[in-house]
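Chemist: What follows is upload28.pdb; its format and atoms are PDB, C-alpha atoms, pLDDT in the B column.
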```pdb
ATOM      1  CA  MET Z 298       0.662  16.583   8.668  1.00 41.00           C
ATOM      2  CA  THR Z 299       3.645  14.263   8.306  1.00 40.00           C
ATOM      3  CA  LYS Z 300       4.027  11.902   5.389  1.00 42.00           C
ATOM      4  CA  CYS Z 301       5.325   8.617   6.754  1.00 43.00           C
ATOM      5  CA  LEU Z 302       6.165   7.146   3.382  1.00 37.00           C
ATOM      6  CA  ALA Z 303       5.888   7.683  -0.308  1.00 34.00           C
ATOM      7  CA  ALA Z 304       4.916   5.779  -3.413  1.00 35.00           C
ATOM      8  CA  LEU Z 305       3.998   6.248  -7.065  1.00 38.00           C
ATOM      9  CA  THR Z 306       1.044   5.007  -9.054  1.00 37.00           C
ATOM     10  CA  ILE Z 307      -0.464   5.819 -12.424  1.00 39.00           C
ATOM     11  CA  LEU Z 308      -4.016   7.148 -12.495  1.00 37.00           C
ATOM     12  CA  SER Z 309      -4.150   8.825 -15.900  1.00 35.00           C
ATOM     13  CA  LEU Z 310      -1.806   8.178 -18.803  1.00 28.00           C
ATOM     14  CA  THR Z 311      -2.577  11.569 -20.324  1.00 26.00           C
ATOM     15  CA  ALA Z 312      -1.824  13.464 -17.116  1.00 37.00           C
ATOM     16  CA  PHE Z 313       1.451  11.686 -16.497  1.00 34.00           C
ATOM     17  CA  LEU Z 314       2.686  12.095 -20.062  1.00 27.00           C
ATOM     18  CA  ALA Z 315       2.474  15.841 -19.424  1.00 32.00           C
ATOM     19  CA  ALA Z 316       4.330  15.725 -16.086  1.00 38.00           C
ATOM     20  CA  THR Z 317       7.943  16.884 -15.863  1.00 28.00           C
ATOM     21  CA  ALA Z 318      10.445  17.542 -13.063  1.00 30.00           C
ATOM     22  CA  THR Z 319      14.111  17.394 -12.160  1.00 34.00           C
ATOM     23  CA  ALA Z 320      14.582  15.764  -8.742  1.00 45.00           C
ATOM     24  CA  GLN Z 321      13.247  12.901  -6.677  1.00 52.00           C
ATOM     25  CA  PRO Z 322      12.599  12.853  -2.929  1.00 52.00           C
ATOM     26  CA  THR Z 323      13.991  10.121  -0.723  1.00 70.00           C
ATOM     27  CA  ILE Z 324      11.446   7.676   0.682  1.00 81.00           C
ATOM     28  CA  ASP Z 325      11.909   7.152   4.417  1.00 87.00           C
ATOM     29  CA  ARG Z 326       9.378   4.356   4.985  1.00 87.00           C
ATOM     30  CA  ILE Z 327       6.399   2.636   3.417  1.00 93.00           C
ATOM     31  CA  CYS Z 328       3.311   0.778   4.555  1.00 95.00           C
ATOM     32  CA  ILE Z 329       2.400  -2.733   3.512  1.00 97.00           C
ATOM     33  CA  ILE Z 330      -1.215  -3.894   3.885  1.00 98.00           C
ATOM     34  CA  ASP Z 331      -2.548  -7.439   3.608  1.00 98.00           C
ATOM     35  CA  GLU Z 332      -5.970  -9.074   3.363  1.00 97.00           C
ATOM     36  CA  ASP Z 333      -6.718  -8.631   7.069  1.00 98.00           C
ATOM     37  CA  THR Z 334      -7.270  -4.910   6.388  1.00 98.00           C
ATOM     38  CA  ILE Z 335      -8.124  -4.655   2.676  1.00 98.00           C
ATOM     39  CA  ASP Z 336     -10.075  -7.477   1.052  1.00 98.00           C
ATOM     40  CA  ASN Z 337     -13.165  -7.618  -1.143  1.00 97.00           C
ATOM     41  CA  GLY Z 338     -14.824 -10.007   1.330  1.00 97.00           C
ATOM     42  CA  LEU Z 339     -14.711  -7.583   4.270  1.00 98.00           C
ATOM     43  CA  LEU Z 340     -18.043  -5.961   5.150  1.00 98.00           C
ATOM     44  CA  VAL Z 341     -16.638  -2.454   4.873  1.00 98.00           C
ATOM     45  CA  PHE Z 342     -15.646  -2.975   1.220  1.00 98.00           C
ATOM     46  CA  GLU Z 343     -18.986  -4.580   0.438  1.00 98.00           C
ATOM     47  CA  GLU Z 344     -20.525  -1.399   1.890  1.00 98.00           C
ATOM     48  CA  LEU Z 345     -18.309   0.785  -0.311  1.00 98.00           C
ATOM     49  CA  ALA Z 346     -19.307  -1.265  -3.353  1.00 98.00           C
ATOM     50  CA  ALA Z 347     -22.988  -0.869  -2.469  1.00 98.00           C
ATOM     51  CA  ASN Z 348     -22.351   2.895  -2.587  1.00 96.00           C
ATOM     52  CA  GLY Z 349     -20.785   2.715  -6.047  1.00 97.00           C
ATOM     53  CA  CYS Z 350     -17.113   1.816  -5.571  1.00 97.00           C
ATOM     54  CA  GLY Z 351     -15.944  -0.525  -8.315  1.00 97.00           C
ATOM     55  CA  GLY Z 352     -19.212  -0.114 -10.174  1.00 96.00           C
ATOM     56  CA  GLY Z 353     -20.973  -1.912  -7.352  1.00 97.00           C
ATOM     57  CA  GLN Z 354     -18.508  -4.815  -7.213  1.00 97.00           C
ATOM     58  CA  SER Z 355     -16.331  -5.155  -4.111  1.00 98.00           C
ATOM     59  CA  ASP Z 356     -13.683  -7.158  -5.985  1.00 97.00           C
ATOM     60  CA  VAL Z 357     -13.276  -4.357  -8.547  1.00 98.00           C
ATOM     61  CA  CYS Z 358     -13.259  -1.773  -5.725  1.00 98.00           C
ATOM     62  CA  VAL Z 359      -9.996  -3.302  -4.441  1.00 98.00           C
ATOM     63  CA  ASN Z 360      -8.500  -4.435  -7.809  1.00 97.00           C
ATOM     64  CA  ASP Z 361      -8.974  -8.104  -6.932  1.00 97.00           C
ATOM     65  CA  GLN Z 362      -9.421  -8.926 -10.622  1.00 96.00           C
ATOM     66  CA  LEU Z 363      -5.903  -7.557 -11.288  1.00 96.00           C
ATOM     67  CA  ALA Z 364      -4.147  -9.460  -8.477  1.00 97.00           C
ATOM     68  CA  ASP Z 365      -0.680 -10.498  -9.614  1.00 96.00           C
ATOM     69  CA  PRO Z 366       2.889 -10.108  -8.302  1.00 96.00           C
ATOM     70  CA  GLY Z 367       4.188  -6.616  -9.048  1.00 94.00           C
ATOM     71  CA  VAL Z 368       0.823  -4.886  -9.616  1.00 95.00           C
ATOM     72  CA  ARG Z 369       1.079  -1.188  -8.705  1.00 93.00           C
ATOM     73  CA  MET Z 370      -2.150   0.288 -10.085  1.00 92.00           C
ATOM     74  CA  ALA Z 371      -4.122   2.577  -7.780  1.00 93.00           C
ATOM     75  CA  LEU Z 372      -7.096   0.980  -6.062  1.00 96.00           C
ATOM     76  CA  PRO Z 373     -10.161   2.729  -7.569  1.00 95.00           C
ATOM     77  CA  ILE Z 374     -11.572   3.949  -4.258  1.00 97.00           C
ATOM     78  CA  PRO Z 375     -12.665   7.589  -4.744  1.00 96.00           C
ATOM     79  CA  ILE Z 376     -10.342  10.209  -3.275  1.00 96.00           C
ATOM     80  CA  GLY Z 377     -11.821  11.645  -0.082  1.00 97.00           C
ATOM     81  CA  THR Z 378     -13.634   8.432   0.874  1.00 98.00           C
ATOM     82  CA  ILE Z 379     -13.586   7.860   4.639  1.00 98.00           C
ATOM     83  CA  ILE Z 380     -13.321   4.175   5.539  1.00 98.00           C
ATOM     84  CA  GLY Z 381     -14.169   3.252   9.121  1.00 98.00           C
ATOM     85  CA  ASN Z 382     -16.642   4.648  11.637  1.00 96.00           C
ATOM     86  CA  GLY Z 383     -14.354   6.625  13.939  1.00 96.00           C
ATOM     87  CA  VAL Z 384     -15.247  10.070  12.530  1.00 96.00           C
ATOM     88  CA  PRO Z 385     -18.373  11.626  10.974  1.00 96.00           C
ATOM     89  CA  GLY Z 386     -18.827  10.828   7.298  1.00 97.00           C
ATOM     90  CA  GLY Z 387     -17.258   7.398   7.505  1.00 97.00           C
ATOM     91  CA  THR Z 388     -18.658   3.972   6.783  1.00 98.00           C
ATOM     92  CA  THR Z 389     -21.034   2.099   9.056  1.00 97.00           C
ATOM     93  CA  ASN Z 390     -18.677  -0.878   9.165  1.00 98.00           C
ATOM     94  CA  ILE Z 391     -15.231  -0.797  10.750  1.00 98.00           C
ATOM     95  CA  LEU Z 392     -11.878  -1.130   8.980  1.00 98.00           C
ATOM     96  CA  PRO Z 393     -10.094  -3.975  10.808  1.00 98.00           C
ATOM     97  CA  THR Z 394      -6.339  -4.279  11.311  1.00 98.00           C
ATOM     98  CA  GLY Z 395      -6.052  -7.986  12.117  1.00 97.00           C
ATOM     99  CA  GLN Z 396      -4.989  -9.481  15.403  1.00 96.00           C
ATOM    100  CA  VAL Z 397      -1.824 -10.097  17.382  1.00 95.00           C
ATOM    101  CA  GLN Z 398       0.494 -12.370  15.343  1.00 93.00           C
ATOM    102  CA  ASP Z 399      -1.769 -11.887  12.312  1.00 95.00           C
ATOM    103  CA  GLU Z 400      -1.559  -8.134  11.773  1.00 97.00           C
ATOM    104  CA  GLY Z 401      -2.908  -6.394   8.685  1.00 98.00           C
ATOM    105  CA  ILE Z 402      -0.593  -3.359   8.501  1.00 98.00           C
ATOM    106  CA  PHE Z 403       3.222  -3.350   8.408  1.00 98.00           C
ATOM    107  CA  ILE Z 404       5.949  -0.722   8.049  1.00 97.00           C
ATOM    108  CA  LEU Z 405       9.341  -1.036   6.373  1.00 96.00           C
ATOM    109  CA  ASN Z 406      11.880   1.730   6.997  1.00 94.00           C
ATOM    110  CA  ALA Z 407      14.406   2.834   4.405  1.00 92.00           C
ATOM    111  CA  VAL Z 408      17.336   1.948   6.677  1.00 94.00           C
ATOM    112  CA  ASP Z 409      16.182  -1.684   6.607  1.00 95.00           C
ATOM    113  CA  ALA Z 410      15.551  -1.961   2.863  1.00 95.00           C
ATOM    114  CA  PRO Z 411      17.810  -4.585   1.232  1.00 96.00           C
ATOM    115  CA  ALA Z 412      20.829  -3.385  -0.740  1.00 96.00           C
ATOM    116  CA  SER Z 413      19.654  -5.684  -3.535  1.00 97.00           C
ATOM    117  CA  TRP Z 414      16.606  -3.442  -4.002  1.00 96.00           C
ATOM    118  CA  ALA Z 415      18.838  -0.426  -4.642  1.00 95.00           C
ATOM    119  CA  ALA Z 416      21.048  -2.434  -6.988  1.00 96.00           C
ATOM    120  CA  ALA Z 417      18.032  -3.640  -8.984  1.00 95.00           C
ATOM    121  CA  GLY Z 418      17.123  -0.124 -10.172  1.00 92.00           C
ATOM    122  CA  PRO Z 419      15.821   1.782 -11.992  1.00 91.00           C
ATOM    123  CA  THR Z 420      16.694   4.362  -9.279  1.00 90.00           C
ATOM    124  CA  PRO Z 421      19.235   4.377  -6.417  1.00 92.00           C
ATOM    125  CA  ASP Z 422      16.357   4.450  -3.880  1.00 91.00           C
ATOM    126  CA  PRO Z 423      15.518   0.895  -2.701  1.00 93.00           C
ATOM    127  CA  LEU Z 424      11.988   1.665  -1.485  1.00 91.00           C
ATOM    128  CA  LEU Z 425      11.145   3.556  -4.656  1.00 88.00           C
ATOM    129  CA  ASN Z 426      12.323   0.582  -6.703  1.00 91.00           C
ATOM    130  CA  TYR Z 427      10.043  -1.702  -4.673  1.00 93.00           C
ATOM    131  CA  LEU Z 428       7.115   0.643  -5.228  1.00 89.00           C
ATOM    132  CA  LEU Z 429       7.751   0.885  -8.966  1.00 88.00           C
ATOM    133  CA  ALA Z 430       8.296  -2.903  -9.240  1.00 92.00           C
ATOM    134  CA  GLU Z 431       9.838  -2.527 -12.685  1.00 92.00           C
ATOM    135  CA  ALA Z 432      13.075  -4.459 -12.236  1.00 94.00           C
ATOM    136  CA  ALA Z 433      13.206  -8.243 -12.415  1.00 95.00           C
ATOM    137  CA  GLY Z 434      12.680  -9.768  -8.981  1.00 96.00           C
ATOM    138  CA  PHE Z 435       9.953  -7.446  -7.665  1.00 95.00           C
ATOM    139  CA  GLY Z 436       7.187  -9.545  -9.215  1.00 92.00           C
ATOM    140  CA  ASN Z 437       7.856  -8.593 -12.811  1.00 81.00           C
ATOM    141  CA  ASN Z 438       9.947 -11.526 -14.119  1.00 87.00           C
ATOM    142  CA  GLY Z 439      10.280 -13.339 -10.801  1.00 93.00           C
ATOM    143  CA  GLU Z 440      10.172 -12.547  -7.072  1.00 96.00           C
ATOM    144  CA  HIS Z 441      13.672 -13.452  -5.932  1.00 96.00           C
ATOM    145  CA  LEU Z 442      14.114 -10.015  -4.281  1.00 97.00           C
ATOM    146  CA  MET Z 443      11.017 -10.339  -2.105  1.00 96.00           C
ATOM    147  CA  ASP Z 444      11.827 -12.947   0.560  1.00 96.00           C
ATOM    148  CA  GLU Z 445      13.584 -12.644   3.945  1.00 96.00           C
ATOM    149  CA  ILE Z 446      13.179  -8.852   4.083  1.00 97.00           C
ATOM    150  CA  PRO Z 447      14.533  -7.647   7.455  1.00 97.00           C
ATOM    151  CA  ASN Z 448      12.510  -5.628   9.957  1.00 97.00           C
ATOM    152  CA  VAL Z 449       9.091  -5.627   8.342  1.00 97.00           C
ATOM    153  CA  PHE Z 450       7.353  -4.320  11.462  1.00 97.00           C
ATOM    154  CA  PRO Z 451       3.783  -5.501  12.225  1.00 97.00           C
ATOM    155  CA  GLN Z 452       1.701  -2.627  13.597  1.00 97.00           C
ATOM    156  CA  GLY Z 453       0.185  -3.396  16.986  1.00 97.00           C
ATOM    157  CA  ALA Z 454      -2.255  -1.274  18.988  1.00 97.00           C
ATOM    158  CA  ALA Z 455       0.295   1.317  20.166  1.00 96.00           C
ATOM    159  CA  ASP Z 456       1.868   1.516  16.703  1.00 97.00           C
ATOM    160  CA  LEU Z 457      -1.506   2.170  15.086  1.00 97.00           C
ATOM    161  CA  GLN Z 458      -2.255   4.937  17.584  1.00 97.00           C
ATOM    162  CA  SER Z 459       1.054   6.615  16.710  1.00 96.00           C
ATOM    163  CA  MET Z 460      -0.015   6.778  13.047  1.00 96.00           C
ATOM    164  CA  VAL Z 461      -2.980   9.102  13.675  1.00 97.00           C
ATOM    165  CA  GLY Z 462      -2.543  12.219  11.548  1.00 95.00           C
ATOM    166  CA  GLU Z 463       0.000  10.635   9.236  1.00 93.00           C
ATOM    167  CA  THR Z 464      -0.476  10.232   5.492  1.00 90.00           C
ATOM    168  CA  CYS Z 465       0.831   6.947   4.157  1.00 88.00           C
ATOM    169  CA  CYS Z 466       1.192   5.233   0.829  1.00 86.00           C
ATOM    170  CA  ALA Z 467       1.019   1.475   0.835  1.00 94.00           C
ATOM    171  CA  VAL Z 468       1.439  -1.564  -1.346  1.00 96.00           C
ATOM    172  CA  VAL Z 469      -1.650  -3.747  -0.860  1.00 97.00           C
ATOM    173  CA  TYR Z 470      -1.322  -7.547  -0.938  1.00 98.00           C
ATOM    174  CA  ASP Z 471      -3.997 -10.029  -1.953  1.00 97.00           C
ATOM    175  CA  SER Z 472      -3.251 -12.434   0.915  1.00 96.00           C
ATOM    176  CA  ASP Z 473      -1.460 -12.635   4.267  1.00 96.00           C
ATOM    177  CA  ILE Z 474       2.063 -11.305   4.771  1.00 96.00           C
ATOM    178  CA  SER Z 475       4.214 -14.032   6.313  1.00 95.00           C
ATOM    179  CA  ILE Z 476       6.400 -12.825   9.207  1.00 95.00           C
ATOM    180  CA  ASN Z 477       9.269 -14.634  10.908  1.00 93.00           C
ATOM    181  CA  VAL Z 478       9.764 -13.281  14.440  1.00 91.00           C
ATOM    182  CA  ASN Z 479      13.361 -14.213  15.304  1.00 92.00           C
ATOM    183  CA  PRO Z 480      15.020 -12.728  13.365  1.00 94.00           C
ATOM    184  CA  LEU Z 481      12.257 -10.348  12.294  1.00 96.00           C
ATOM    185  CA  GLN Z 482      11.798 -10.905   8.555  1.00 96.00           C
ATOM    186  CA  GLY Z 483       8.919 -10.622   6.119  1.00 96.00           C
ATOM    187  CA  ASN Z 484       8.126 -12.600   3.001  1.00 97.00           C
ATOM    188  CA  LEU Z 485       6.784 -10.040   0.507  1.00 97.00           C
ATOM    189  CA  GLN Z 486       6.259 -12.504  -2.308  1.00 97.00           C
ATOM    190  CA  GLY Z 487       2.762 -12.981  -3.657  1.00 96.00           C
ATOM    191  CA  ALA Z 488       0.061 -11.223  -5.627  1.00 97.00           C
ATOM    192  CA  THR Z 489      -0.546  -7.537  -4.987  1.00 97.00           C
ATOM    193  CA  LEU Z 490      -3.659  -5.461  -5.642  1.00 97.00           C
ATOM    194  CA  GLY Z 491      -1.933  -2.112  -6.132  1.00 95.00           C
ATOM    195  CA  ILE Z 492      -1.282   1.065  -4.167  1.00 94.00           C
ATOM    196  CA  ILE Z 493      -3.340   3.375  -1.978  1.00 94.00           C
ATOM    197  CA  SER Z 494      -2.576   6.644  -0.227  1.00 92.00           C
ATOM    198  CA  PHE Z 495      -4.423   7.317   3.022  1.00 95.00           C
ATOM    199  CA  THR Z 496      -4.453   9.492   6.122  1.00 95.00           C
ATOM    200  CA  VAL Z 497      -5.138   7.841   9.480  1.00 97.00           C
ATOM    201  CA  LEU Z 498      -7.947   9.835  11.115  1.00 98.00           C
ATOM    202  CA  ALA Z 499      -8.725   7.744  14.194  1.00 98.00           C
ATOM    203  CA  VAL Z 500      -7.981   4.477  15.978  1.00 98.00           C
ATOM    204  CA  GLY Z 501     -10.718   2.643  17.845  1.00 97.00           C
ATOM    205  CA  PRO Z 502     -10.523   1.248  21.385  1.00 95.00           C
ATOM    206  CA  ASP Z 503      -8.166  -1.660  21.977  1.00 94.00           C
ATOM    207  CA  PRO Z 504     -10.480  -4.681  22.342  1.00 92.00           C
ATOM    208  CA  ALA Z 505      -9.940  -7.413  24.884  1.00 87.00           C
ATOM    209  CA  GLY Z 506      -8.058 -10.446  23.636  1.00 92.00           C
ATOM    210  CA  SER Z 507      -5.929 -10.674  20.509  1.00 95.00           C
ATOM    211  CA  VAL Z 508      -8.045  -8.541  18.151  1.00 97.00           C
ATOM    212  CA  LEU Z 509      -6.363  -5.239  17.243  1.00 98.00           C
ATOM    213  CA  PRO Z 510      -8.157  -1.862  17.176  1.00 98.00           C
ATOM    214  CA  ASP Z 511      -9.985  -0.824  14.029  1.00 98.00           C
ATOM    215  CA  ILE Z 512      -8.873   2.349  12.259  1.00 98.00           C
ATOM    216  CA  THR Z 513     -10.537   5.102  10.261  1.00 98.00           C
ATOM    217  CA  ILE Z 514      -8.754   6.437   7.184  1.00 98.00           C
ATOM    218  CA  ARG Z 515      -9.341   8.962   4.412  1.00 97.00           C
ATOM    219  CA  ILE Z 516      -8.281   8.002   0.885  1.00 97.00           C
ATOM    220  CA  GLU Z 517      -5.858  10.523  -0.648  1.00 94.00           C
ATOM    221  CA  ASP Z 518      -4.644  11.101  -4.209  1.00 91.00           C
ATOM    222  CA  PRO Z 519      -1.884   8.493  -4.724  1.00 87.00           C
ATOM    223  CA  SER Z 520      -0.255  10.578  -7.452  1.00 80.00           C
ATOM    224  CA  THR Z 521       0.750  13.114  -4.779  1.00 66.00           C
ATOM    225  CA  CYS Z 522       2.760  10.546  -2.823  1.00 61.00           C
ATOM    226  CA  LEU Z 523       5.780  11.005  -4.999  1.00 59.00           C
ATOM    227  CA  SER Z 524       6.802  13.488  -7.640  1.00 44.00           C
ATOM    228  CA  PRO Z 525       8.145  14.028 -10.163  1.00 34.00           C
ATOM    229  CA  VAL Z 526       7.161  11.681 -12.936  1.00 32.00           C
ATOM    230  CA  VAL Z 527       9.483  11.760 -15.900  1.00 29.00           C
ATOM    231  CA  SER Z 528       7.746   9.498 -18.401  1.00 27.00           C
ATOM    232  CA  VAL Z 529       5.499   6.471 -18.640  1.00 27.00           C
ATOM    233  CA  GLU Z 530       5.649   3.217 -20.540  1.00 30.00           C
ATOM    234  CA  PRO Z 531       3.744  -0.088 -20.540  1.00 28.00           C
ATOM    235  CA  THR Z 532       5.159  -2.963 -18.519  1.00 30.00           C
ATOM    236  CA  THR Z 533       5.660  -6.439 -19.938  1.00 28.00           C
ATOM    237  CA  TRP Z 534       2.107  -7.369 -18.952  1.00 25.00           C
ATOM    238  CA  GLY Z 535       0.535  -4.284 -20.498  1.00 29.00           C
ATOM    239  CA  ARG Z 536      -0.176  -2.147 -17.442  1.00 32.00           C
ATOM    240  CA  ILE Z 537       1.114   1.409 -17.162  1.00 30.00           C
ATOM    241  CA  LYS Z 538       3.854   2.392 -14.756  1.00 31.00           C
ATOM    242  CA  ALA Z 539       6.210   5.308 -14.320  1.00 31.00           C
ATOM    243  CA  THR Z 540       9.833   5.307 -15.355  1.00 29.00           C
ATOM    244  CA  HIS Z 541      12.505   7.567 -13.920  1.00 31.00           C
ATOM    245  CA  ASN Z 542      15.788   9.019 -15.116  1.00 31.00           C
TER     246      ASN Z 542
END
```
Could you write out this file's structure as structure tokens?

Modeler:
Amino acid sequence: MTKCLAALTILSLTAFLAATATAQPTIDRICIIDEDTIDNGLLVFEELAANGCGGGQSDVCVNDQLADPGVRMALPIPIGTIIGNGVPGGTTNILPTGQVQDEGIFILNAVDAPASWAAAGPTPDPLLNYLLAEAAGFGNNGEHLMDEIPNVFPQGAADLQSMVGETCCAVVYDSDISINVNPLQGNLQGATLGIISFTVLAVGPDPAGSVLPDITIRIEDPSTCLSPVVSVEPTTWGRIKATHN
């Protein structure tokens, strides 16, 4: 199974304080998800909440109460949860992916990541720096690094089908991602809900009209998306994030 991207999130302060390692992998691409696919008002997340996610509250299930630029906490959806009805054991409700010109899933490749992201630190890897969101400009102390990002690719029907079998880590946004078509650029400013790791298990039929196919995913452990973790410290707003040498 191929990992299409990588990310880092903190699930347990105690566990990460004990983690050590010496090298960091290079991130080749990441997913970005907006409210068309993950939102507390969608029926599928209300169903998850009814089954206990977020203590029965759909907003807590997707970290809606934490929404703020730069948030990188893991969404508290239990590992192993299958979201969508394309395979046995999934939800009754579908997991939508938006529609043409209002997609819910996007991909940014490392070759297209801005040089300013690498320069911002704390690592030389631009996508890792975006995922950590520790430097000024990623949401923590401003968002000046987050606009006019080249080649943020919306995922259409064929793109979604190509993701089957891949495990992805994604930054989840609280609202729509704004895309300019010519040239292709994305505005990644705005409140985020955190990070999830997921494997795409199935893609539904391509409906008639502009609606995109639904997908079925399995939630994975987000701490496995990237290793190692060197240490942890609180951010300026009191949440816990990883820091790297």

Chemist: Have a look at Z:Ile391, Z:Ile404, Z:Leu481, Z:Cys466 and name the one nearest to Ile516 (chain Z); count all atoms listed in the file.

Modeler: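 Counting all atoms listed in the file, the residue closest to Ile516 (chain Z) is Z:Cys466.
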
Chemist: Applied to this file, what does the PyMOL selection byres ((chain Z and resi 438-452) around 7) return in terms of residues, put as a PDB file with C-alpha atoms, keeping the file's coordinate frame?

Modeler:
```
ATOM      1  CA  GLU Z 400      -1.559  -8.134  11.773  1.00 97.00           C
ATOM      2  CA  ILE Z 402      -0.593  -3.359   8.501  1.00 98.00           C
ATOM      3  CA  PHE Z 403       3.222  -3.350   8.408  1.00 98.00           C
ATOM      4  CA  ILE Z 404       5.949  -0.722   8.049  1.00 97.00           C
ATOM      5  CA  LEU Z 405       9.341  -1.036   6.373  1.00 96.00           C
ATOM      6  CA  ASP Z 409      16.182  -1.684   6.607  1.00 95.00           C
ATOM      7  CA  PRO Z 411      17.810  -4.585   1.232  1.00 96.00           C
ATOM      8  CA  ALA Z 433      13.206  -8.243 -12.415  1.00 95.00           C
ATOM      9  CA  GLY Z 434      12.680  -9.768  -8.981  1.00 96.00           C
ATOM     10  CA  PHE Z 435       9.953  -7.446  -7.665  1.00 95.00           C
ATOM     11  CA  GLY Z 436       7.187  -9.545  -9.215  1.00 92.00           C
ATOM     12  CA  ASN Z 437       7.856  -8.593 -12.811  1.00 81.00           C
ATOM     13  CA  GLY Z 453       0.185  -3.396  16.986  1.00 97.00           C
ATOM     14  CA  ALA Z 454      -2.255  -1.274  18.988  1.00 97.00           C
ATOM     15  CA  ASP Z 456       1.868   1.516  16.703  1.00 97.00           C
ATOM     16  CA  LEU Z 457      -1.506   2.170  15.086  1.00 97.00           C
ATOM     17  CA  LEU Z 481      12.257 -10.348  12.294  1.00 96.00           C
ATOM     18  CA  GLN Z 482      11.798 -10.905   8.555  1.00 96.00           C
ATOM     19  CA  GLY Z 483       8.919 -10.622   6.119  1.00 96.00           C
ATOM     20  CA  ASN Z 484       8.126 -12.600   3.001  1.00 97.00           C
ATOM     21  CA  LEU Z 485       6.784 -10.040   0.507  1.00 97.00           C
ATOM     22  CA  GLN Z 486       6.259 -12.504  -2.308  1.00 97.00           C
TER      23      GLN Z 486
END
```

Chemist: Just how far from CA of Ala346 (chain Z) is CA of Ala371 (chain Z), in Å to one decimal?

Modeler: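 Spanning CA of Ala371 (chain Z) to CA of Ala346 (chain Z) is a straight-line distance of 16.3 Å.
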
Chemist: Can you list what the PyMOL selection byres ((chain Z and resi 348-362) around 6) grabs from this structure, as a VMD selection string?

Modeler: chain Z and resid 337 342 to 343 345 to 347 363 to 364 372 to 373 490

Chemist: Which neighbours of region 380-389 of chain Z fall inside 10 Å, counting only C-alpha atoms, when residues of the same chain fewer than 2 positions from it are skipped, and could you give them as a ChimeraX atom specification?

Modeler: /Z:340-342,344-345,374,377-378,391-393,495,497-502,511-516

Chemist: Could you tell me how far CA of Glu517 (chain Z) sits from CA of Gly418 (chain Z), in Å to one decimal place?

Modeler: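 Between CA of Gly418 (chain Z) and CA of Glu517 (chain Z) the gap is 27.1 Å.
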
Chemist: To one decimal in Å, tell me the separation between CA of Asn406 (chain Z) and CA of Leu429 (chain Z).

Modeler: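 So the two atoms, CA of Asn406 (chain Z) and CA of Leu429 (chain Z), lie 16.5 Å apart.
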
Chemist: Residues at most 9 Å from Thr323 (chain Z), counting only C-alpha atoms, excluding those fewer than 6 positions away in the same chain, as JSON, numbers by chain?

Modeler: {"Z": [303, 407, 422, 424, 425]}

Chemist: Identify which of the residues Z:Gln398, Z:Asn390, Z:Ile376, Z:Gly338 lies closest to Ser494 (chain Z), counting all atoms listed in the file when measuring atom-to-atom distances.

Modeler: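 Comparing Z:Gln398, Z:Asn390, Z:Ile376, Z:Gly338 against Ser494 (chain Z), the winner is Z:Ile376.
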
Chemist: Between Z:Ser520, Z:Ser507, Z:Thr496, Z:Asn479, single out the one closest to Ile379 (chain Z), counting only C-alpha atoms.

Modeler: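 Result for the nearest residue to Ile379 (chain Z): Z:Thr496.
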